[in-house]
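*Asks:* Quick one, target08.pdb (PDB, C-alpha atoms, pLDDT in the B column):
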ATOM      1  CA  MET A   1      30.329  -7.348  -1.443  1.00 95.00           C
ATOM      2  CA  HIS A   2      30.858  -6.586  -5.125  1.00 97.00           C
ATOM      3  CA  PHE A   3      29.383  -3.461  -6.709  1.00 97.00           C
ATOM      4  CA  ILE A   4      28.360  -4.351 -10.256  1.00 97.00           C
ATOM      5  CA  ALA A   5      26.661  -1.166 -11.515  1.00 97.00           C
ATOM      6  CA  GLU A   6      26.377   2.496 -10.532  1.00 97.00           C
ATOM      7  CA  THR A   7      24.077   5.292 -11.685  1.00 97.00           C
ATOM      8  CA  SER A   8      23.326   8.774 -10.379  1.00 95.00           C
ATOM      9  CA  SER A   9      20.242  10.973 -10.805  1.00 92.00           C
ATOM     10  CA  ASN A  10      18.352  13.668  -8.902  1.00 93.00           C
ATOM     11  CA  GLY A  11      20.885  13.726  -6.092  1.00 94.00           C
ATOM     12  CA  VAL A  12      20.855   9.953  -5.496  1.00 96.00           C
ATOM     13  CA  VAL A  13      23.653   7.492  -6.240  1.00 97.00           C
ATOM     14  CA  GLU A  14      22.403   3.941  -6.860  1.00 97.00           C
ATOM     15  CA  ARG A  15      24.827   1.029  -6.660  1.00 97.00           C
ATOM     16  CA  ASN A  16      23.800  -2.556  -7.376  1.00 98.00           C
ATOM     17  CA  PHE A  17      25.742  -5.210  -5.495  1.00 98.00           C
ATOM     18  CA  THR A  18      26.087  -8.932  -4.976  1.00 98.00           C
ATOM     19  CA  LEU A  19      27.180 -10.714  -1.823  1.00 98.00           C
ATOM     20  CA  GLY A  20      27.452 -14.409  -2.558  1.00 97.00           C
ATOM     21  CA  GLU A  21      23.953 -15.341  -3.726  1.00 96.00           C
ATOM     22  CA  ILE A  22      22.446 -12.137  -2.305  1.00 98.00           C
ATOM     23  CA  THR A  23      21.439  -9.431  -4.798  1.00 98.00           C
ATOM     24  CA  GLY A  24      20.981  -5.921  -3.482  1.00 98.00           C
ATOM     25  CA  VAL A  25      21.091  -2.184  -4.059  1.00 98.00           C
ATOM     26  CA  LEU A  26      22.496   0.733  -2.062  1.00 98.00           C
ATOM     27  CA  TRP A  27      21.180   4.287  -2.425  1.00 98.00           C
ATOM     28  CA  SER A  28      23.158   7.206  -1.003  1.00 96.00           C
ATOM     29  CA  PRO A  29      23.290  11.010  -1.293  1.00 95.00           C
ATOM     30  CA  ALA A  30      25.297  12.246  -4.276  1.00 92.00           C
ATOM     31  CA  SER A  31      26.772  14.898  -1.994  1.00 86.00           C
ATOM     32  CA  GLY A  32      28.381  12.215   0.151  1.00 79.00           C
ATOM     33  CA  ALA A  33      27.189   9.734   2.753  1.00 70.00           C
ATOM     34  CA  ASP A  34      29.961   9.561   5.340  1.00 78.00           C
ATOM     35  CA  GLY A  35      28.350   8.817   8.697  1.00 81.00           C
ATOM     36  CA  ALA A  36      24.794   9.053   7.358  1.00 91.00           C
ATOM     37  CA  PRO A  37      22.221   6.841   9.112  1.00 95.00           C
ATOM     38  CA  LEU A  38      21.491   3.573   7.313  1.00 96.00           C
ATOM     39  CA  VAL A  39      17.966   2.276   6.733  1.00 98.00           C
ATOM     40  CA  LEU A  40      17.469  -1.356   5.697  1.00 98.00           C
ATOM     41  CA  MET A  41      14.370  -1.555   3.496  1.00 98.00           C
ATOM     42  CA  GLY A  42      12.520  -4.814   2.872  1.00 97.00           C
ATOM     43  CA  HIS A  43      10.110  -5.456   0.003  1.00 96.00           C
ATOM     44  CA  PRO A  44       6.623  -7.019   0.104  1.00 93.00           C
ATOM     45  CA  GLY A  45       5.975 -10.600  -0.963  1.00 91.00           C
ATOM     46  CA  GLY A  46       6.051 -11.192  -4.706  1.00 91.00           C
ATOM     47  CA  LEU A  47       8.025  -7.999  -5.373  1.00 94.00           C
ATOM     48  CA  HIS A  48      11.733  -7.176  -5.326  1.00 97.00           C
ATOM     49  CA  LYS A  49      14.427  -4.742  -4.204  1.00 97.00           C
ATOM     50  CA  LYS A  50      13.581  -2.219  -6.942  1.00 97.00           C
ATOM     51  CA  ALA A  51       9.794  -2.277  -6.766  1.00 96.00           C
ATOM     52  CA  PRO A  52       8.588   1.242  -7.700  1.00 95.00           C
ATOM     53  CA  GLY A  53       7.107   2.041  -4.294  1.00 94.00           C
ATOM     54  CA  LEU A  54      10.254   0.919  -2.504  1.00 96.00           C
ATOM     55  CA  VAL A  55      12.483   2.981  -4.806  1.00 97.00           C
ATOM     56  CA  ALA A  56      10.284   6.047  -4.261  1.00 96.00           C
ATOM     57  CA  ARG A  57      10.559   5.689  -0.478  1.00 96.00           C
ATOM     58  CA  ALA A  58      14.308   5.091  -0.671  1.00 97.00           C
ATOM     59  CA  HIS A  59      14.814   8.229  -2.784  1.00 97.00           C
ATOM     60  CA  TYR A  60      12.716  10.250  -0.333  1.00 97.00           C
ATOM     61  CA  TYR A  61      14.846   9.065   2.607  1.00 97.00           C
ATOM     62  CA  VAL A  62      18.049   9.910   0.725  1.00 96.00           C
ATOM     63  CA  THR A  63      17.083  13.321  -0.673  1.00 95.00           C
ATOM     64  CA  THR A  64      15.000  14.588   2.246  1.00 94.00           C
ATOM     65  CA  CYS A  65      16.839  13.110   5.245  1.00 93.00           C
ATOM     66  CA  GLY A  66      20.314  12.393   3.920  1.00 94.00           C
ATOM     67  CA  PHE A  67      20.010   8.714   4.858  1.00 96.00           C
ATOM     68  CA  THR A  68      21.679   5.804   3.089  1.00 96.00           C
ATOM     69  CA  VAL A  69      19.234   3.019   2.160  1.00 98.00           C
ATOM     70  CA  ALA A  70      19.929  -0.632   1.369  1.00 98.00           C
ATOM     71  CA  ALA A  71      17.568  -3.288  -0.007  1.00 98.00           C
ATOM     72  CA  ILE A  72      18.104  -6.918  -0.934  1.00 98.00           C
ATOM     73  CA  ASP A  73      15.990  -9.450  -2.790  1.00 98.00           C
ATOM     74  CA  ALA A  74      14.365 -11.984  -0.483  1.00 97.00           C
ATOM     75  CA  PRO A  75      15.116 -15.618  -1.389  1.00 97.00           C
ATOM     76  CA  GLY A  76      13.210 -16.585  -4.535  1.00 96.00           C
ATOM     77  CA  HIS A  77      12.381 -12.946  -5.354  1.00 96.00           C
ATOM     78  CA  GLY A  78      13.735 -10.437  -7.857  1.00 95.00           C
ATOM     79  CA  ASP A  79      16.991 -11.656  -9.360  1.00 96.00           C
ATOM     80  CA  ARG A  80      17.057 -14.791  -7.223  1.00 96.00           C
ATOM     81  CA  PRO A  81      15.664 -18.154  -8.394  1.00 95.00           C
ATOM     82  CA  ARG A  82      12.948 -19.974  -6.487  1.00 95.00           C
ATOM     83  CA  THR A  83      13.534 -23.431  -5.078  1.00 95.00           C
ATOM     84  CA  PRO A  84      11.104 -26.196  -6.114  1.00 95.00           C
ATOM     85  CA  GLN A  85       9.433 -25.848  -2.700  1.00 95.00           C
ATOM     86  CA  ASP A  86       9.104 -22.087  -3.222  1.00 95.00           C
ATOM     87  CA  GLU A  87       7.324 -22.801  -6.520  1.00 95.00           C
ATOM     88  CA  ARG A  88       4.899 -25.148  -4.780  1.00 95.00           C
ATOM     89  CA  TRP A  89       4.101 -22.555  -2.102  1.00 94.00           C
ATOM     90  CA  VAL A  90       3.525 -19.833  -4.694  1.00 94.00           C
ATOM     91  CA  ALA A  91       1.258 -22.085  -6.769  1.00 95.00           C
ATOM     92  CA  ALA A  92      -0.729 -23.075  -3.675  1.00 94.00           C
ATOM     93  CA  LEU A  93      -1.075 -19.421  -2.690  1.00 91.00           C
ATOM     94  CA  LEU A  94      -2.340 -18.367  -6.117  1.00 92.00           C
ATOM     95  CA  ASN A  95      -4.780 -21.283  -6.259  1.00 95.00           C
ATOM     96  CA  ALA A  96      -6.132 -20.534  -2.771  1.00 92.00           C
ATOM     97  CA  ARG A  97      -6.604 -16.845  -3.583  1.00 88.00           C
ATOM     98  CA  ALA A  98      -8.414 -17.666  -6.829  1.00 91.00           C
ATOM     99  CA  ALA A  99     -10.691 -20.114  -5.015  1.00 91.00           C
ATOM    100  CA  GLY A 100     -11.387 -17.743  -2.122  1.00 87.00           C
ATOM    101  CA  GLU A 101      -9.808 -20.139   0.358  1.00 89.00           C
ATOM    102  CA  PRO A 102      -7.850 -19.103   3.508  1.00 87.00           C
ATOM    103  CA  LEU A 103      -4.325 -17.898   2.754  1.00 87.00           C
ATOM    104  CA  GLY A 104      -2.957 -17.862   6.289  1.00 87.00           C
ATOM    105  CA  PRO A 105      -1.683 -21.456   6.586  1.00 90.00           C
ATOM    106  CA  ILE A 106       0.162 -21.267   3.248  1.00 92.00           C
ATOM    107  CA  ILE A 107       1.649 -17.840   3.888  1.00 92.00           C
ATOM    108  CA  THR A 108       2.719 -18.884   7.377  1.00 94.00           C
ATOM    109  CA  ASP A 109       4.722 -21.879   6.122  1.00 94.00           C
ATOM    110  CA  TYR A 110       6.201 -19.931   3.221  1.00 94.00           C
ATOM    111  CA  ASN A 111       7.129 -16.897   5.326  1.00 96.00           C
ATOM    112  CA  ILE A 112       8.753 -19.022   8.023  1.00 96.00           C
ATOM    113  CA  SER A 113      10.951 -20.651   5.372  1.00 96.00           C
ATOM    114  CA  LEU A 114      11.825 -17.300   3.786  1.00 96.00           C
ATOM    115  CA  THR A 115      12.640 -15.816   7.199  1.00 97.00           C
ATOM    116  CA  GLU A 116      14.960 -18.669   8.130  1.00 97.00           C
ATOM    117  CA  ARG A 117      16.941 -17.921   4.982  1.00 97.00           C
ATOM    118  CA  ALA A 118      16.631 -14.132   4.885  1.00 98.00           C
ATOM    119  CA  VAL A 119      17.585 -13.172   8.454  1.00 98.00           C
ATOM    120  CA  PRO A 120      21.185 -14.482   8.128  1.00 98.00           C
ATOM    121  CA  GLU A 121      21.390 -12.801   4.715  1.00 98.00           C
ATOM    122  CA  TRP A 122      20.390  -9.434   6.137  1.00 98.00           C
ATOM    123  CA  GLN A 123      22.975  -9.861   8.899  1.00 98.00           C
ATOM    124  CA  ALA A 124      25.685 -10.728   6.353  1.00 98.00           C
ATOM    125  CA  THR A 125      24.649  -7.726   4.256  1.00 98.00           C
ATOM    126  CA  LEU A 126      24.857  -5.493   7.320  1.00 98.00           C
ATOM    127  CA  ASP A 127      28.332  -6.830   8.090  1.00 98.00           C
ATOM    128  CA  ALA A 128      29.447  -5.983   4.545  1.00 98.00           C
ATOM    129  CA  LEU A 129      27.820  -2.534   4.602  1.00 97.00           C
ATOM    130  CA  GLN A 130      29.513  -1.651   7.882  1.00 96.00           C
ATOM    131  CA  ALA A 131      32.844  -2.584   6.296  1.00 96.00           C
ATOM    132  CA  LEU A 132      32.386   0.264   3.791  1.00 95.00           C
ATOM    133  CA  PRO A 133      34.316   3.358   4.923  1.00 92.00           C
ATOM    134  CA  GLU A 134      31.366   5.685   4.277  1.00 92.00           C
ATOM    135  CA  ILE A 135      29.133   3.645   6.612  1.00 94.00           C
ATOM    136  CA  GLY A 136      31.301   2.094   9.319  1.00 93.00           C
ATOM    137  CA  THR A 137      30.219   0.611  12.635  1.00 94.00           C
ATOM    138  CA  ALA A 138      29.064   3.800  14.372  1.00 92.00           C
ATOM    139  CA  THR A 139      26.235   4.556  11.921  1.00 93.00           C
ATOM    140  CA  PRO A 140      22.671   4.408  13.346  1.00 95.00           C
ATOM    141  CA  ILE A 141      20.646   1.653  11.673  1.00 97.00           C
ATOM    142  CA  GLY A 142      16.904   1.257  11.121  1.00 98.00           C
ATOM    143  CA  TYR A 143      14.664  -1.242   9.355  1.00 98.00           C
ATOM    144  CA  THR A 144      11.391  -0.703   7.505  1.00 98.00           C
ATOM    145  CA  GLY A 145       9.012  -2.808   5.434  1.00 95.00           C
ATOM    146  CA  MET A 146       5.455  -4.107   5.155  1.00 94.00           C
ATOM    147  CA  THR A 147       3.936  -7.586   4.671  1.00 93.00           C
ATOM    148  CA  LEU A 148       6.747 -10.070   3.884  1.00 95.00           C
ATOM    149  CA  ALA A 149       9.313  -7.434   4.880  1.00 96.00           C
ATOM    150  CA  SER A 150       7.720  -7.344   8.333  1.00 97.00           C
ATOM    151  CA  ALA A 151       7.568 -11.143   8.529  1.00 97.00           C
ATOM    152  CA  ILE A 152      11.334 -11.117   7.981  1.00 98.00           C
ATOM    153  CA  GLY A 153      12.030  -7.886   9.845  1.00 98.00           C
ATOM    154  CA  LEU A 154      10.469  -8.797  13.186  1.00 98.00           C
ATOM    155  CA  PRO A 155      12.656 -11.887  13.739  1.00 98.00           C
ATOM    156  CA  LEU A 156      15.634  -9.901  12.424  1.00 98.00           C
ATOM    157  CA  ALA A 157      15.074  -7.023  14.857  1.00 98.00           C
ATOM    158  CA  ALA A 158      14.568  -9.499  17.700  1.00 98.00           C
ATOM    159  CA  VAL A 159      18.086 -10.922  17.276  1.00 98.00           C
ATOM    160  CA  GLU A 160      20.031  -8.021  15.708  1.00 98.00           C
ATOM    161  CA  PRO A 161      21.131  -5.393  18.266  1.00 97.00           C
ATOM    162  CA  ARG A 162      22.530  -3.109  15.558  1.00 97.00           C
ATOM    163  CA  ILE A 163      18.975  -2.178  14.514  1.00 98.00           C
ATOM    164  CA  THR A 164      17.827   0.619  16.813  1.00 97.00           C
ATOM    165  CA  ALA A 165      14.440   1.652  15.332  1.00 97.00           C
ATOM    166  CA  ALA A 166      11.954  -0.024  12.989  1.00 98.00           C
ATOM    167  CA  VAL A 167       8.710   0.413  11.061  1.00 98.00           C
ATOM    168  CA  PHE A 168       6.533  -2.678  10.521  1.00 97.00           C
ATOM    169  CA  GLY A 169       2.973  -3.449   9.454  1.00 94.00           C
ATOM    170  CA  GLY A 170       0.411  -5.184   7.256  1.00 91.00           C
ATOM    171  CA  VAL A 171       1.603  -8.685   8.078  1.00 92.00           C
ATOM    172  CA  PHE A 172      -0.052 -12.083   8.491  1.00 91.00           C
ATOM    173  CA  VAL A 173       0.406 -12.884  12.173  1.00 94.00           C
ATOM    174  CA  TYR A 174       1.502 -16.289  13.466  1.00 94.00           C
ATOM    175  CA  ASP A 175       3.082 -17.519  16.688  1.00 95.00           C
ATOM    176  CA  ALA A 176       6.701 -16.957  15.642  1.00 96.00           C
ATOM    177  CA  LEU A 177       6.012 -13.284  14.883  1.00 97.00           C
ATOM    178  CA  THR A 178       4.213 -12.744  18.167  1.00 97.00           C
ATOM    179  CA  GLU A 179       7.149 -14.292  20.007  1.00 97.00           C
ATOM    180  CA  ALA A 180       9.586 -12.070  18.095  1.00 98.00           C
ATOM    181  CA  ALA A 181       7.513  -8.986  18.964  1.00 98.00           C
ATOM    182  CA  ARG A 182       7.763  -9.867  22.656  1.00 98.00           C
ATOM    183  CA  GLN A 183      11.563  -9.670  22.340  1.00 98.00           C
ATOM    184  CA  ILE A 184      11.643  -6.302  20.558  1.00 98.00           C
ATOM    185  CA  THR A 185      12.282  -3.316  22.825  1.00 97.00           C
ATOM    186  CA  ILE A 186      13.515  -0.717  20.317  1.00 97.00           C
ATOM    187  CA  PRO A 187      11.256   2.172  19.208  1.00 97.00           C
ATOM    188  CA  ILE A 188       8.776   1.091  16.543  1.00 97.00           C
ATOM    189  CA  GLN A 189       5.984   2.408  14.380  1.00 98.00           C
ATOM    190  CA  PHE A 190       3.348  -0.126  13.388  1.00 97.00           C
ATOM    191  CA  LEU A 191       1.146   0.477  10.335  1.00 96.00           C
ATOM    192  CA  LEU A 192      -2.278  -1.149  10.370  1.00 94.00           C
ATOM    193  CA  PRO A 193      -4.316  -1.159   7.127  1.00 92.00           C
ATOM    194  CA  TRP A 194      -7.792  -0.904   8.661  1.00 93.00           C
ATOM    195  CA  ASP A 195      -9.789  -2.478   5.816  1.00 91.00           C
ATOM    196  CA  ASP A 196      -7.460  -5.289   4.806  1.00 87.00           C
ATOM    197  CA  ASP A 197      -9.554  -8.037   3.208  1.00 82.00           C
ATOM    198  CA  GLU A 198      -6.886 -10.715   3.661  1.00 81.00           C
ATOM    199  CA  ILE A 199      -5.389  -9.970   7.098  1.00 86.00           C
ATOM    200  CA  ASP A 200      -7.578  -9.907  10.186  1.00 88.00           C
ATOM    201  CA  ARG A 201      -7.551  -6.490  11.865  1.00 92.00           C
ATOM    202  CA  GLN A 202      -7.581  -7.920  15.378  1.00 94.00           C
ATOM    203  CA  SER A 203      -4.433  -9.937  14.695  1.00 94.00           C
ATOM    204  CA  GLY A 204      -2.626  -6.699  13.880  1.00 94.00           C
ATOM    205  CA  LEU A 205      -3.839  -5.085  17.091  1.00 96.00           C
ATOM    206  CA  ASP A 206      -2.719  -8.130  19.072  1.00 96.00           C
ATOM    207  CA  LEU A 207       0.705  -8.061  17.442  1.00 97.00           C
ATOM    208  CA  TYR A 208       1.104  -4.367  18.245  1.00 97.00           C
ATOM    209  CA  ASP A 209       0.181  -5.111  21.847  1.00 97.00           C
ATOM    210  CA  ALA A 210       2.827  -7.864  21.982  1.00 98.00           C
ATOM    211  CA  PHE A 211       5.744  -5.527  21.234  1.00 98.00           C
ATOM    212  CA  ALA A 212       7.819  -5.011  24.376  1.00 98.00           C
ATOM    213  CA  SER A 213       8.870  -1.542  23.183  1.00 97.00           C
ATOM    214  CA  LYS A 214       8.088   1.316  25.559  1.00 95.00           C
ATOM    215  CA  ASP A 215       8.242   3.696  22.586  1.00 96.00           C
ATOM    216  CA  LYS A 216       5.720   2.376  20.063  1.00 97.00           C
ATOM    217  CA  THR A 217       3.069   4.032  17.917  1.00 97.00           C
ATOM    218  CA  LEU A 218       0.115   2.521  16.052  1.00 97.00           C
ATOM    219  CA  HIS A 219      -0.836   4.159  12.747  1.00 96.00           C
ATOM    220  CA  ALA A 220      -4.168   2.932  11.351  1.00 94.00           C
ATOM    221  CA  ASN A 221      -5.249   4.028   7.878  1.00 92.00           C
ATOM    222  CA  PRO A 222      -8.301   3.180   5.746  1.00 92.00           C
ATOM    223  CA  GLY A 223      -7.639   0.722   2.945  1.00 86.00           C
ATOM    224  CA  THR A 224      -5.791  -2.539   2.368  1.00 83.00           C
ATOM    225  CA  HIS A 225      -2.092  -3.267   2.741  1.00 77.00           C
ATOM    226  CA  HIS A 226      -1.686  -2.181  -0.896  1.00 77.00           C
ATOM    227  CA  GLN A 227      -3.017   1.303  -0.064  1.00 80.00           C
ATOM    228  CA  VAL A 228      -0.671   2.773   2.548  1.00 86.00           C
ATOM    229  CA  PRO A 229      -0.800   6.575   2.088  1.00 91.00           C
ATOM    230  CA  TRP A 230       2.350   8.451   1.114  1.00 93.00           C
ATOM    231  CA  HIS A 231       2.287  10.577   4.252  1.00 95.00           C
ATOM    232  CA  GLU A 232       3.300   7.458   6.197  1.00 94.00           C
ATOM    233  CA  THR A 233       6.614   7.590   4.317  1.00 95.00           C
ATOM    234  CA  GLU A 234       7.079  11.155   5.507  1.00 96.00           C
ATOM    235  CA  THR A 235       6.084  10.184   9.049  1.00 96.00           C
ATOM    236  CA  SER A 236       8.482   7.234   9.093  1.00 96.00           C
ATOM    237  CA  ALA A 237      11.325   9.472   7.912  1.00 95.00           C
ATOM    238  CA  HIS A 238      10.624  11.834  10.817  1.00 95.00           C
ATOM    239  CA  PHE A 239      10.460   8.819  13.164  1.00 96.00           C
ATOM    240  CA  PHE A 240      13.887   7.574  12.069  1.00 96.00           C
ATOM    241  CA  HIS A 241      15.396  11.052  12.162  1.00 94.00           C
ATOM    242  CA  ARG A 242      14.154  11.516  15.716  1.00 93.00           C
ATOM    243  CA  HIS A 243      15.663   8.274  16.935  1.00 93.00           C
ATOM    244  CA  PHE A 244      18.904   8.622  14.983  1.00 92.00           C
ATOM    245  CA  THR A 245      19.584  12.068  16.454  1.00 81.00           C
ATOM    246  CA  PRO A 246      21.019  12.272  19.997  1.00 64.00           C
ATOM    247  CA  ALA A 247      18.448  13.605  22.428  1.00 48.00           C
ATOM    248  CA  THR A 248      18.810  17.216  23.491  1.00 39.00           C
ATOM    249  CA  THR A 249      17.384  19.003  26.474  1.00 32.00           C
TER     250      THR A 249
END
How does this structure look as structure tokens?

*Replies:*
Amino acid sequence: MHFIAETSSNGVVERNFTLGEITGVLWSPASGADGAPLVLMGHPGGLHKKAPGLVARAHYYVTTCGFTVAAIDAPGHGDRPRTPQDERWVAALLNARAAGEPLGPIITDYNISLTERAVPEWQATLDALQALPEIGTATPIGYTGMTLASAIGLPLAAVEPRITAAVFGGVFVYDALTEAARQITIPIQFLLPWDDDEIDRQSGLDLYDAFASKDKTLHANPGTHHQVPWHETETSAHFFHRHFTPATT
């Protein structure tokens, strides 16, 4: 991991990094982050590691909870070039949306490909982050992200025991995600945009039901997956804080 830029403002230190072909950013408290819980934050499809909404949530986690937050660009997103096949999937997706045709089959194929590439990258990033003295191997770790970030995050959480709590939601559901959910037993929150015009509501309910977690909560809000209310950021921060803190009698 190579840190290539560092800035500090409003109590948050932001460090851009590269790890091979991976491009990422690490936010931490300016007052120091030794032993602070780490939250891995994915970005939605078509966006990137510094999308405004993601940065706002990361800063809230850092300044309000004292967490450290890391985000990386998914393959073909942000500072990373698309493959020719990625370009074909994106063009097909845009054409289908413009024509009012079903998006599910295209998104399924594209997301499966992105997940196959992104899960090992998140694991390599986590390895590198844990090698930093201010993070280490004893730090509690969570994952959060909607849409594409959930499509990547579910399979990641299913195979990565270092992640101990997660927030998912607003995702196109296909068989591989349902199977991943059946393997996830950690505490989760699941956000369901109730009026999503692209993702079937029942598929979200079925996916929530598939999670094997005994500690799981469904949060349904009016609106589409582009309209998740800010209070869900506050709720997710409380969720992570609760599960990162040792239980007391």

*Asks:* From the options A:Gly153, A:Pro75, A:Gly11, A:Gly45, which residue's atoms come nearest to Gly24 in chain A, counting all atoms listed in the file?

*Replies:* A:Pro75

*Asks:* Within 9 Å of Val228 in chain A, counting all atoms listed in the file, which residues show up once you throw out same-chain ones fewer than 4 positions away? Write them as a list in words, please.

*Replies:*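 Contacts, with the query itself left out: Leu191, Leu192, Pro193, Asn221, Pro222, Gly223, Thr224, Glu232 and Thr233 of chain A.
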
*Asks:* Have a look at A:Asp79, A:Glu21, A:Gln130, A:Ala74 and name the one nearest to Met41 in chain A; count only C-alpha atoms.

*Replies:*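 Looking only at the distances to Met41 in chain A, the closest residue turns out to be A:Ala74.
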
*Asks:* Within 8 Å of range 155-171 of chain A, counting all atoms listed in the file, which residues qualify if same-chain residues fewer than 4 places away don't, as an NGL selection string?

*Replies:* :A and (115 or 119 or 122-123 or 140-151 or 177 or 180-181 or 183-184 or 186-193 or 199 or 204 or 225 or 236 or 240 or 243)

*Asks:* Of the residues A:Phe239, A:Tyr208, A:Trp194, A:Phe17, which is the one nearest to Ala5 in chain A, using only C-alpha atoms?

*Replies:*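 Among the listed residues, A:Phe17 lies closest to Ala5 in chain A.
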
*Asks:* What is the distance between CA of Asp195 in chain A and CA of Ser213 in chain A, in Å to one decimal?

*Replies:*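 Computed distance, CA of Asp195 in chain A to CA of Ser213 in chain A, equals 25.5 Å.
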
*Asks:* Record the distance separating CA of Arg182 in chain A and CA of Asp200 in chain A, expressed in Å with one decimal.

*Replies:*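 Separation between CA of Arg182 in chain A and CA of Asp200 in chain A: 19.8 Å.
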
*Asks:* Quick one: distance from CA of Arg117 in chain A to CA of Val25 in chain A in Å, one decimal?

*Replies:*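 Interatomic distance here is 18.6 Å.
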
*Asks:* Nearest residue to Ala128 in chain A out of A:Ser8, A:Asp34, A:Leu103, A:Ala70, using all atoms listed in the file?

*Replies:*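 Nearest candidate to Ala128 in chain A out of A:Ser8, A:Asp34, A:Leu103, A:Ala70: A:Ala70.
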
*Asks:* With all atoms listed in the file as the counted atoms, please give the residues lying no more than 6 Å from range 46-59 of chain A, apart from itself and same-chain residues fewer than 4 positions off, as a VMD selection string.

*Replies:* chain A and resid 63 71 to 73 77 to 78

*Asks:* Between A:Glu121, A:Asp109, A:Glu198, A:Glu6, which is the closest to Trp89 in chain A once you count all atoms listed in the file?

*Replies:*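 Looking at the shortest contact to Trp89 in chain A, the residue is A:Asp109.
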
*Asks:* How big is the axis-aligned box, and where does its centre sit, when it encloses all atoms of range 131-136 of chain A listed in the file and has 6 Å added on every side, reported in Å to one decimal as lines of an AutoDock Vina configuration file?

*Replies:*
center_x = 31.7
center_y = 1.6
center_z = 6.6
size_x = 17.2
size_y = 20.3
size_z = 17.5

*Asks:* Within 8 Å of (31.0, -4.9, -6.5) (coordinates as in the file), grab all the protein and nucleic acid residues, counting all atoms listed in the file, and write them out as an mmCIF file with C-alpha atoms, keeping the file's coordinate frame.

*Replies:*
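Result written to out_4.cif:
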data_model
loop_
_atom_site.group_PDB
_atom_site.id
_atom_site.type_symbol
_atom_site.label_atom_id
_atom_site.label_comp_id
_atom_site.auth_asym_id
_atom_site.auth_seq_id
_atom_site.Cartn_x
_atom_site.Cartn_y
_atom_site.Cartn_z
ATOM 1 C CA MET A 1 30.329 -7.348 -1.443
ATOM 2 C CA HIS A 2 30.858 -6.586 -5.125
ATOM 3 C CA PHE A 3 29.383 -3.461 -6.709
ATOM 4 C CA ILE A 4 28.360 -4.351 -10.256
ATOM 5 C CA ALA A 5 26.661 -1.166 -11.515
ATOM 6 C CA ASN A 16 23.800 -2.556 -7.376
ATOM 7 C CA PHE A 17 25.742 -5.210 -5.495
ATOM 8 C CA THR A 18 26.087 -8.932 -4.976
#

*Asks:* What would the selection look like, as a PyMOL selection string, if the PyMOL selection byres ((chain A and resi 69) around 6) were run on the coordinates I just shared?

*Replies:* chain A and resi 26-27+38-40+68+70

*Asks:* Pick the closest to Leu132 in chain A from A:Leu93, A:Ala33, A:Ile22, A:Ala237: which is it, counting all atoms listed in the file?

*Replies:*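 Selected residue with least distance to Leu132 in chain A: A:Ala33.
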